[in-house]
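Trainee: Okay, handing you the structure first.
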Amino acid sequence: MVNELADGLVLASGYLSPAEQADLVAEIRQVVAAAPLYRPVMPRFGRPFSVQMSNCGPLGWVSDKSGYRYQATHPVSGAPWPDIPERVAKIWQDLSGYGGPAECCLINFYDDDAKMGLHRDENEEVFDAPVVSVSLGDEALFRFGGPERKDPTKSFRLMSGDVLIMGGASRLSYHGVDRIYPGTSSLLKDGGRLNLTLRRVRKV
Ligand code: SIN
Ligand code: MN
C-alpha cells in the first residue's frame with residue numbers, strides 16, 4: 001500500500017515481504033561484518049549517539065567532534081566502505097525515480113532505548129534525489145515536520161518492511177525517531193531495529 005502522507009512524503013507500507021526482509025538482513029549482516037557498527041559522537045561536545053551506525057557505498061555519512069560529513073572510509077578501521085548489496089540498490093532503482101545510483105547507504109541500528117533527534121538530511125551536495133529509507137525489525141515512532149524546526153510535526157509508526165521516501169517538497173523536512181517499540185518484530189534475532197537510509201550525495 002502506497003500513501004502520500006505529505007507533499008513528497010511517500011510511505012510504501014509492507015513494501016518488502018517477510019522473505020525479502022530476511023534476505024536483506026542477511027546481506028546487511030555481511031556488510032557489518034566487514035564494516036562494524038560503531039557509535040558516532042555529536043559535533044562540538046562529542047555526546048555519543050544512542051544509535052549505532054555503519055555505511056555501505058562509495059560514500060558513508062559520519063559524525064564526529066569536527067562535524068557531519070561524507071567520507072569514503074570507515075572512521076574506526078580506515079577501510080573503504082563495502083559495496084551496496086544488489087537488492088538494496090534495486091530498492092533505490094525501483095523507488096527513487098532518480099537517474100543515477102545511490103552513493104550512500106547509511107545503516108542505523110537502534111537498540112530498545114535508542115532514538116534520533118529531529119534533524120534534516122542536508123549534508124549532501126544535491127537535493128534533487130529523494131531520501132529512501134527502509135525499516136527492518138522492531139517498530140519505530142517516526143516524527144515528521146516541515147522545512148523549519150519550529151514547524152508542526154506529525155507522528156506515525158514505521159514497521160518492518162516499510163519504505164519511506166522523502167522527496168520533492170519533503171526532501172529537506174525535519175524528521176526523527178522518538179522511540180522504538182521493543183518486541184514488535186522477530187526479524188532480528190536479538191531484537192532492535194535496522195534502518196537503511198539511501199541517498200545521492202553528488203551531482204550525477
Ligand atoms: C534517519 O533519519 O537517519 C533515520 C530515520 C529512521 O531511522 O527511520
Ligand atoms: Mn535523516
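Residue numbering restarts at 1 for every chain of the C-alpha cells, chains are lettered A, B, ... in their displayed order, and ligands are numbered from 1 as they appear.
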Which chains and residue numbers are within 7 Å of ligand 2, counting only C-alpha atoms and all ligand atoms, if I want them as a PyMOL selection string?
Mentor: chain A and resi 119-121+175-176
Trainee: Given the selection you just returned, output its residues as a file containing N, CA, C and O atoms, formatted as a PDB file, in the first residue's frame.
Mentor:
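As a result, selection-v7.pdb now contains:
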ATOM      1  N   HIS A 119      16.034  16.300  12.872  1.00  0.00           N
ATOM      2  CA  HIS A 119      17.128  16.827  12.037  1.00  0.00           C
ATOM      3  C   HIS A 119      16.673  16.862  10.588  1.00  0.00           C
ATOM      4  O   HIS A 119      15.653  16.265  10.235  1.00  0.00           O
ATOM      5  N   ARG A 120      17.472  17.523   9.745  1.00  0.00           N
ATOM      6  CA  ARG A 120      17.241  17.467   8.299  1.00  0.00           C
ATOM      7  C   ARG A 120      18.421  16.752   7.655  1.00  0.00           C
ATOM      8  O   ARG A 120      19.554  16.889   8.114  1.00  0.00           O
ATOM      9  N   ASP A 121      18.186  16.014   6.592  1.00  0.00           N
ATOM     10  CA  ASP A 121      19.279  15.420   5.829  1.00  0.00           C
ATOM     11  C   ASP A 121      19.768  16.496   4.866  1.00  0.00           C
ATOM     12  O   ASP A 121      19.159  16.714   3.813  1.00  0.00           O
ATOM     13  N   HIS A 175      12.862  15.597  10.583  1.00  0.00           N
ATOM     14  CA  HIS A 175      12.316  14.286  10.942  1.00  0.00           C
ATOM     15  C   HIS A 175      13.199  13.659  12.021  1.00  0.00           C
ATOM     16  O   HIS A 175      14.334  14.089  12.225  1.00  0.00           O
ATOM     17  N   GLY A 176      12.663  12.658  12.686  1.00  0.00           N
ATOM     18  CA  GLY A 176      13.430  11.958  13.711  1.00  0.00           C
ATOM     19  C   GLY A 176      12.670  10.731  14.186  1.00  0.00           C
ATOM     20  O   GLY A 176      11.550  10.462  13.745  1.00  0.00           O
TER      21      GLY A 176
END
Trainee: Let me see if you get this right: every residue at most 9 Å from ligand 1, counting only C-alpha atoms and all ligand atoms, written as a VMD selection string.
Mentor: chain A and resid 51 106 to 110 115 to 121 133 to 135 140 to 142 158 164 174 to 177 193 to 197
Trainee: If I take atom CA of Arg29 of chain A and atom CA of Leu95 of chain A, how far is one from the other in Å, to one decimal?
Mentor: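 That distance, rounded to one decimal, is 23.2 Å.
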Trainee: Which residues in segment 105-174 of chain A does DSSP call strand (DSSP E)? List them as a PyMOL selection string.
Mentor: chain A and resi 105-110+116-119+131-137+139-144+154-158+163-166
Trainee: Compare A:Thr184, A:Ser66, A:Ser50, A:Ser96 by their minimum atom-to-atom distance to Gly167 of chain A, counting only C-alpha atoms, and give me the closest one.
Mentor: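 Closest residue, counting only C-alpha atoms: A:Ser96.
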Trainee: Assign secondary structure with DSSP using the backbone only, and return the residues of chain A in alpha helix (DSSP H) as a ChimeraX atom specification.
Mentor: /A:18-34,86-95
Trainee: What does the distance from atom CA of Gly146 of chain A to atom CA of Ser173 of chain A come to in Å, to one decimal?
Mentor: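 Atom CA of Ser173 of chain A lies at a distance of 4.5 Å from atom CA of Gly146 of chain A.
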Trainee: Which one is closest to Ser185 of chain A: A:Cys105, A:Ala169, A:Leu198, A:Leu136? Count only C-alpha atoms.
Mentor: A:Leu136
Trainee: What lies within 12 Å of Gly100 of chain A using only C-alpha atoms, ignoring chain neighbours under 6 positions off, as a short mmCIF file (atom, residue, chain, number, x, y, z; two decimals) with N, CA, C and O atoms, in the first residue's frame?
Mentor:
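Okay, this is what ended up in out_21.cif:
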data_model
loop_
_atom_site.label_atom_id
_atom_site.label_comp_id
_atom_site.auth_asym_id
_atom_site.auth_seq_id
_atom_site.Cartn_x
_atom_site.Cartn_y
_atom_site.Cartn_z
N ALA A 89 20.41 -1.84 -3.67
CA ALA A 89 20.49 -0.92 -4.82
C ALA A 89 19.20 -0.96 -5.63
O ALA A 89 18.75 0.05 -6.18
N LYS A 90 18.61 -2.14 -5.71
CA LYS A 90 17.38 -2.30 -6.50
C LYS A 90 16.20 -1.53 -5.88
O LYS A 90 15.37 -0.99 -6.60
N TRP A 92 16.41 1.28 -4.35
CA TRP A 92 16.64 2.66 -4.82
C TRP A 92 16.21 2.82 -6.28
O TRP A 92 15.48 3.76 -6.63
N GLN A 93 16.66 1.88 -7.12
CA GLN A 93 16.30 1.96 -8.56
C GLN A 93 14.79 1.96 -8.75
O GLN A 93 14.26 2.70 -9.56
N ASP A 94 14.11 1.12 -7.98
CA ASP A 94 12.67 0.96 -8.19
C ASP A 94 11.86 2.12 -7.60
O ASP A 94 10.77 2.41 -8.07
N ASP A 128 18.26 16.97 -5.39
CA ASP A 128 17.27 16.62 -6.41
C ASP A 128 16.84 15.16 -6.34
O ASP A 128 15.87 14.77 -6.98
N ALA A 129 17.54 14.36 -5.59
CA ALA A 129 17.13 12.96 -5.39
C ALA A 129 16.42 12.84 -4.05
O ALA A 129 16.75 13.55 -3.09
N PRO A 130 15.45 11.92 -3.95
CA PRO A 130 14.81 11.72 -2.66
C PRO A 130 15.73 10.96 -1.70
O PRO A 130 16.75 10.41 -2.11
N ARG A 199 20.92 7.51 -0.09
CA ARG A 199 20.97 8.90 -0.55
C ARG A 199 21.94 9.07 -1.72
O ARG A 199 22.93 8.37 -1.83
N ARG A 200 21.61 10.03 -2.54
CA ARG A 200 22.53 10.53 -3.54
C ARG A 200 23.27 11.71 -2.92
O ARG A 200 22.63 12.56 -2.30
N VAL A 201 24.58 11.79 -3.07
CA VAL A 201 25.34 12.84 -2.42
C VAL A 201 25.80 13.91 -3.42
O VAL A 201 25.70 15.10 -3.15
N ARG A 202 26.32 13.45 -4.57
CA ARG A 202 26.90 14.37 -5.56
C ARG A 202 26.08 14.38 -6.83
O ARG A 202 25.34 13.44 -7.10
N LYS A 203 26.30 15.41 -7.62
CA LYS A 203 25.62 15.51 -8.92
C LYS A 203 25.94 14.29 -9.77
O LYS A 203 27.07 13.80 -9.74
N VAL A 204 24.98 13.83 -10.54
CA VAL A 204 25.22 12.68 -11.43
C VAL A 204 26.21 13.10 -12.52
O VAL A 204 26.09 14.17 -13.08
#
Trainee: May I have the residues within 8 Å of Gly161 of chain A as a list in words, using only C-alpha atoms and disregarding those fewer than 2 positions away in the same chain?
Mentor: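 Everything that qualifies: Ser13, Gly14, Tyr15, Leu16, Ser17, Pro18, Gln21, Val134, Ser135, Leu136, Met159 and Val163 of chain A.
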Trainee: Using only C-alpha atoms, can you tell me which of A:Val2, A:Arg157, A:Leu37, A:Leu9 comes closest to Val131 of chain A?
Mentor: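 Among the listed residues, the smallest separation from Val131 of chain A belongs to A:Leu9.
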Trainee: Report as a list of chain:residue names all protein, DNA and RNA residues lying within 10 Å of Val32 of chain A, evaluated on only C-alpha atoms, omitting residues in the same chain fewer than 6 positions from it.
Mentor: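 So the residues in contact are A:Tyr38, A:Met53, A:Ser54, A:Asn55, A:Cys56, A:Trp81, A:Pro82, A:Ile107.
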Trainee: For Met42 of chain A, work out the shell of residues within 7 Å, counting only C-alpha atoms and skipping chain neighbours fewer than 4 positions away, then give it as a PyMOL selection string.
Mentor: chain A and resi 46-49+63-65
Trainee: Dump all heavy atoms for the selected residues as a compact mmCIF listing (two decimals), in the first residue's frame?
Mentor:
# COMPACT_ATOMS: atom_id res chain seq x y z
N GLY A 46 30.78 16.26 21.55
CA GLY A 46 31.12 14.85 21.49
C GLY A 46 30.18 13.92 22.22
O GLY A 46 30.55 12.81 22.61
N ARG A 47 28.91 14.35 22.39
CA ARG A 47 27.95 13.46 23.05
C ARG A 47 27.67 12.26 22.14
O ARG A 47 27.40 12.43 20.94
CB ARG A 47 26.65 14.21 23.34
CG ARG A 47 25.70 13.44 24.24
CD ARG A 47 24.70 14.39 24.90
NE ARG A 47 23.79 14.99 23.94
CZ ARG A 47 22.59 14.50 23.62
NH1 ARG A 47 22.16 13.39 24.19
NH2 ARG A 47 21.84 15.10 22.74
N PRO A 48 27.74 11.03 22.68
CA PRO A 48 27.54 9.85 21.82
C PRO A 48 26.09 9.74 21.33
O PRO A 48 25.15 10.05 22.05
CB PRO A 48 27.86 8.66 22.73
CG PRO A 48 28.37 9.22 24.00
CD PRO A 48 28.07 10.67 24.07
N PHE A 49 25.92 9.30 20.11
CA PHE A 49 24.60 8.95 19.59
C PHE A 49 24.08 7.73 20.35
O PHE A 49 24.88 6.88 20.78
CB PHE A 49 24.70 8.54 18.11
CG PHE A 49 24.78 9.68 17.13
CD1 PHE A 49 25.86 10.54 17.10
CD2 PHE A 49 23.77 9.86 16.20
CE1 PHE A 49 25.94 11.57 16.18
CE2 PHE A 49 23.84 10.89 15.26
CZ PHE A 49 24.92 11.75 15.25
N SER A 63 29.76 11.29 11.68
CA SER A 63 29.70 12.45 12.57
C SER A 63 30.80 12.27 13.61
O SER A 63 30.97 11.18 14.16
CB SER A 63 28.34 12.49 13.26
OG SER A 63 28.32 13.51 14.25
N ASP A 64 31.54 13.34 13.86
CA ASP A 64 32.47 13.34 14.99
C ASP A 64 32.58 14.77 15.51
O ASP A 64 31.83 15.65 15.08
CB ASP A 64 33.83 12.72 14.60
CG ASP A 64 34.54 13.47 13.50
OD1 ASP A 64 34.22 14.66 13.27
OD2 ASP A 64 35.43 12.88 12.85
N LYS A 65 33.52 15.00 16.40
CA LYS A 65 33.59 16.32 17.04
C LYS A 65 33.75 17.45 16.02
O LYS A 65 33.31 18.57 16.27
CB LYS A 65 34.73 16.36 18.04
CG LYS A 65 34.34 15.75 19.38
CD LYS A 65 35.41 16.03 20.41
CE LYS A 65 34.90 15.69 21.80
NZ LYS A 65 35.87 15.98 22.84
Trainee: One number please: atom CA of Asn3 of chain A to atom CA of Asp138 of chain A, in Å, one decimal.
Mentor: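 Answer for the atom CA of Asn3 of chain A to atom CA of Asp138 of chain A separation: 21.0 Å.
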Trainee: Rank A:Glu103, A:Asp7, A:Glu86, A:Glu27 by their smallest atom-to-atom distance to Gly60 of chain A, using only C-alpha atoms, and report the top residue only.
Mentor: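 Once distances to Gly60 of chain A are computed over only C-alpha atoms, the minimum belongs to A:Glu103.
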